[in-house]
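> There's a structure below that I have some questions on.
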2 protein chains.
Amino acid sequence: MTEVPTRRRAAPAAKTATASKTAGTAKPPMRDALVAAAFQLFPERGFEQTTVDDIVALAGVGRRSFFRYFPSKEDVVFPDHERCLADMTEFLDASADGDDPVARVCDAARLVLRMYAENPAFSVQRYQLTKKVPGLRGYELSVVWRYERTLAGYLRGRYADRTDGTIRADVIAASVVAAHNNALRSWLRGGGRDDAAALTDQALDLVMRTWSGEPADGAGATPPPEDDVVVVITRRSTPLWRVVRDVEAAFDEN
Amino acid sequence: MTEVPTRRRAAPAAKTATASKTAGTAKPPMRDALVAAAFQLFPERGFEQTTVDDIVALAGVGRRSFFRYFPSKEDVVFPDHERCLADMTEFLDASADGDDPVARVCDAARLVLRMYAENPAFSVQRYQLTKKVPGLRGYELSVVWRYERTLAGYLRGRYADRTDGTIRADVIAASVVAAHNNALRSWLRGGGRDDAAALTDQALDLVMRTWSGEPADGAGATPPPEDDVVVVITRRSTPLWRVVRDVEAAFDEN
DNA sequence: TCAGCAGAAGGCACTCAGTACCTCTGATTA
DNA sequence: TAATCAGAGGTACTGAGTGCCTTCTGCTGA
């Protein structure tokens, strides 16, 4: 049996969810059954060699039902992105004017990585698929594009007063997505065993250092003022709490 | 009637056949006839409402021939990208080590815009299509992705000696593509009447100012060289939890 | 308790993209 | 003139995706 992403989604299955409450044990909703069946077959035969008929036969449901839950065969490979996209939109909508816009979109990108990291085995399996199937790669690109446009839309709003607002928004959004994808891919290549959050932070750090805290209109990438930089030199053997204390002290200086 | 990239009507195919032998990459006229027929029908009925049978009927050729020239129905909408991609690869391969890598990829991006600008009417018509047909947008994304990977591949080579080489390459490539697309879209929205080159220069200027001429190998939490010493470079504005995470990640490395 | 209702699921038939395989035709060459 | 070869057409097939209708099931109100 194959792992299935966290059970969150369920627009059509909402009724079933409440109904299953009375029934005690929830029977696996059809959507999850289809994903499970698909991800049992894909690694065996490959994506293209697996027909929708194969999937519905294994799941024991009618063919027509497949397309009720997934508009296309590709959609079954990315069952959670709609939800994640909604989360990201919501997260950005909840942003305050005082926030650093760049930091905000970086945090929004972290939501996506968190979704992947919630089910490492599933994510890695999917990565194996998307790597070799051009159709799936194309689908993934359109998903990524929607994330990028969401981030860019937010930034365009925040940079509305700048003359170079839209282009700056687009470029920063692209940078964030590229950095995120870089981290995500290296995490996936590592089999999902590394610390995904740390990888992401490291990748987004370049974006933050480059784009964050640029108030002036039309100014290039101004390196941060010297006094803002804190250098910490320590040893691996030092207890973490002591490092934290020292960093905190350095931050508080002046 | 519709404009087509390189106009060559399909009539007696004999002479062109011998010509193509000498010219090497000269396009068979049937290919152009198919593109012309497609772009006559698409604006009338829409992309999805036009079947391949409609196109071949109008072009007066067999259905099988369509798929000999275009692997998919979408391909007929982007008949020149393969060539442009090859040009870009060639251009980057011809780069010298002394060149500024960022300036080089910006120039490579200009090649793409130049291709669009060669046939403004055709480009604008295609833009109208891709805007409203999700399938075509997806196809376009995969084309853009290939350009981006080409640029990133070049930059990865140029930044091979940097610790943050791959991520820097990916982020800069994404920035260049985003800036280019921003300019391209505003040119297309303007009906292809503005000065495309000027728009592109303006857009790429932000990328140049931001990324060009940054020799130093900057990094957040740099992985320890060989001994126990860990160097963390951060900024006061960075949230403490993130610093802690970076330090932790640096400690865990190796 | 039952009729009726609504929504979820199944079934059927259809369109169309894309492929495999074969034939035909016309030009070139031995 | 015969052999060959490449480009084009034709036929039949698979499989994704859709429209429409039927069936089932669980809920609700009389």
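If you're wondering about the labels, chains in the structure tokens are A, B, ... by order shown, residues count from 1 in each chain, ligands from 1 in order shown.
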With a cut-off of 9 Å and counting only C-alpha atoms (C1' of nucleotides), select all residues of chain C in contact with chain A and give the selection as a PyMOL selection string.
chain C and resi 8-11
> Keeping only N, CA and C atoms (P, O5', C5', C4', C3', O3' and C1' of nucleotides), write the selected residues to a file as a CSV table (one decimal), in the first residue's frame.

```
chain,number,residue,atom,x,y,z
C,8,DA,P,-22.3,15.3,-3.8
C,8,DA,O5',-21.6,13.9,-3.7
C,8,DA,C5',-22.0,13.0,-2.7
C,8,DA,C4',-22.0,11.6,-3.2
C,8,DA,C3',-20.9,11.2,-4.1
C,8,DA,O3',-20.3,10.0,-3.7
C,8,DA,C1',-22.9,10.7,-5.1
C,9,DA,P,-18.9,9.5,-4.3
C,9,DA,O5',-19.2,8.4,-5.4
C,9,DA,C5',-19.8,7.2,-5.0
C,9,DA,C4',-20.5,6.5,-6.2
C,9,DA,C3',-19.5,6.2,-7.3
C,9,DA,O3',-19.2,4.8,-7.3
C,9,DA,C1',-21.6,7.0,-8.1
C,10,DG,P,-18.3,4.2,-8.5
C,10,DG,O5',-19.4,3.8,-9.6
C,10,DG,C5',-20.5,3.0,-9.2
C,10,DG,C4',-21.3,2.7,-10.4
C,10,DG,C3',-20.5,2.2,-11.6
C,10,DG,O3',-21.1,1.0,-12.1
C,10,DG,C1',-21.9,4.0,-12.2
C,11,DG,P,-20.4,0.2,-13.3
C,11,DG,O5',-21.2,0.6,-14.6
C,11,DG,C5',-22.6,0.8,-14.5
C,11,DG,C4',-23.1,1.2,-15.9
C,11,DG,C3',-22.3,0.8,-17.1
C,11,DG,O3',-23.1,0.3,-18.1
C,11,DG,C1',-22.5,3.1,-17.1
```
> Can you list, as JSON, numbers by chain, every protein, DNA or RNA residue that comes within 7 Å of Ala179 in chain A when you count only C-alpha atoms (C1' of nucleotides), leaving out same-chain residues fewer than 2 positions away?
{"A": [175, 176, 177, 181, 182, 183, 203, 204], "B": [167, 171]}
> If the cut-off is 10 Å, can you tell me the residues of chain D near chain A, counting only C-alpha atoms (C1' of nucleotides)? I'd like them as a list in words.
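On the chain D side, the interface is DG15, DA16, DG17, DT18 and DG26 of chain D.
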> Which residues are close to DC13 in chain D, i.e. within 12 Å by only C-alpha atoms (C1' of nucleotides), leaving aside same-chain residues fewer than 6 positions away? Reply as a ChimeraX atom specification.
/C:18-21
> Please write the residues from the selection above to a file, keeping N, CA and C atoms (P, O5', C5', C4', C3', O3' and C1' of nucleotides), as a tab-separated table (two decimals), in the first residue's frame.

```
chain	number	residue	atom	x	y	z
C	18	DG	P	-1.67	15.79	-29.24
C	18	DG	O5'	-1.16	14.33	-29.61
C	18	DG	C5'	-1.15	13.36	-28.57
C	18	DG	C4'	-0.93	11.99	-29.17
C	18	DG	C3'	0.22	11.85	-30.15
C	18	DG	O3'	1.16	10.96	-29.58
C	18	DG	C1'	-1.69	10.64	-30.85
C	19	DT	P	2.46	10.49	-30.40
C	19	DT	O5'	2.04	9.01	-30.87
C	19	DT	C5'	1.53	8.11	-29.90
C	19	DT	C4'	1.40	6.73	-30.52
C	19	DT	C3'	2.57	6.29	-31.41
C	19	DT	O3'	2.88	4.95	-31.11
C	19	DT	C1'	0.55	6.15	-32.62
C	20	DA	P	4.28	4.33	-31.67
C	20	DA	O5'	3.76	3.01	-32.41
C	20	DA	C5'	2.47	2.48	-32.10
C	20	DA	C4'	2.12	1.40	-33.08
C	20	DA	C3'	3.27	0.90	-33.95
C	20	DA	O3'	3.08	-0.48	-34.22
C	20	DA	C1'	1.64	1.89	-35.33
C	21	DC	P	4.21	-1.27	-35.03
C	21	DC	O5'	3.53	-1.46	-36.46
C	21	DC	C5'	2.14	-1.78	-36.53
C	21	DC	C4'	1.67	-1.66	-37.97
C	21	DC	C3'	2.74	-2.03	-39.02
C	21	DC	O3'	2.17	-2.88	-39.98
C	21	DC	C1'	1.75	0.03	-39.54
```
> Find the residues near range 85-102 of chain B: any atom within 8 Å, counting only C-alpha atoms (C1' of nucleotides), skip ones fewer than 6 places away on the same chain, and give them as a PyMOL selection string.
chain B and resi 108-109+111+146-147+150+154-155+158+172+208+211-213
> Could you please determine the separation between CA of Ala178 in chain A and CA of Pro120 in chain A in Å, to one decimal place?
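Spanning CA of Ala178 in chain A to CA of Pro120 in chain A is a straight-line distance of 20.5 Å.
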> Enumerate the residues of range 83-134 of chain A with a DSSP assignment of alpha helix (DSSP H), computed from the backbone, and present them as an MDAnalysis selection string.
chainID A and resid 83:93 101:118 120:132 134
> Report, in Å to a single decimal, how far apart CA of Leu34 in chain B and C1' of DC22 in chain C are.
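So the two atoms, C1' of DC22 in chain C and CA of Leu34 in chain B, lie 24.2 Å apart.
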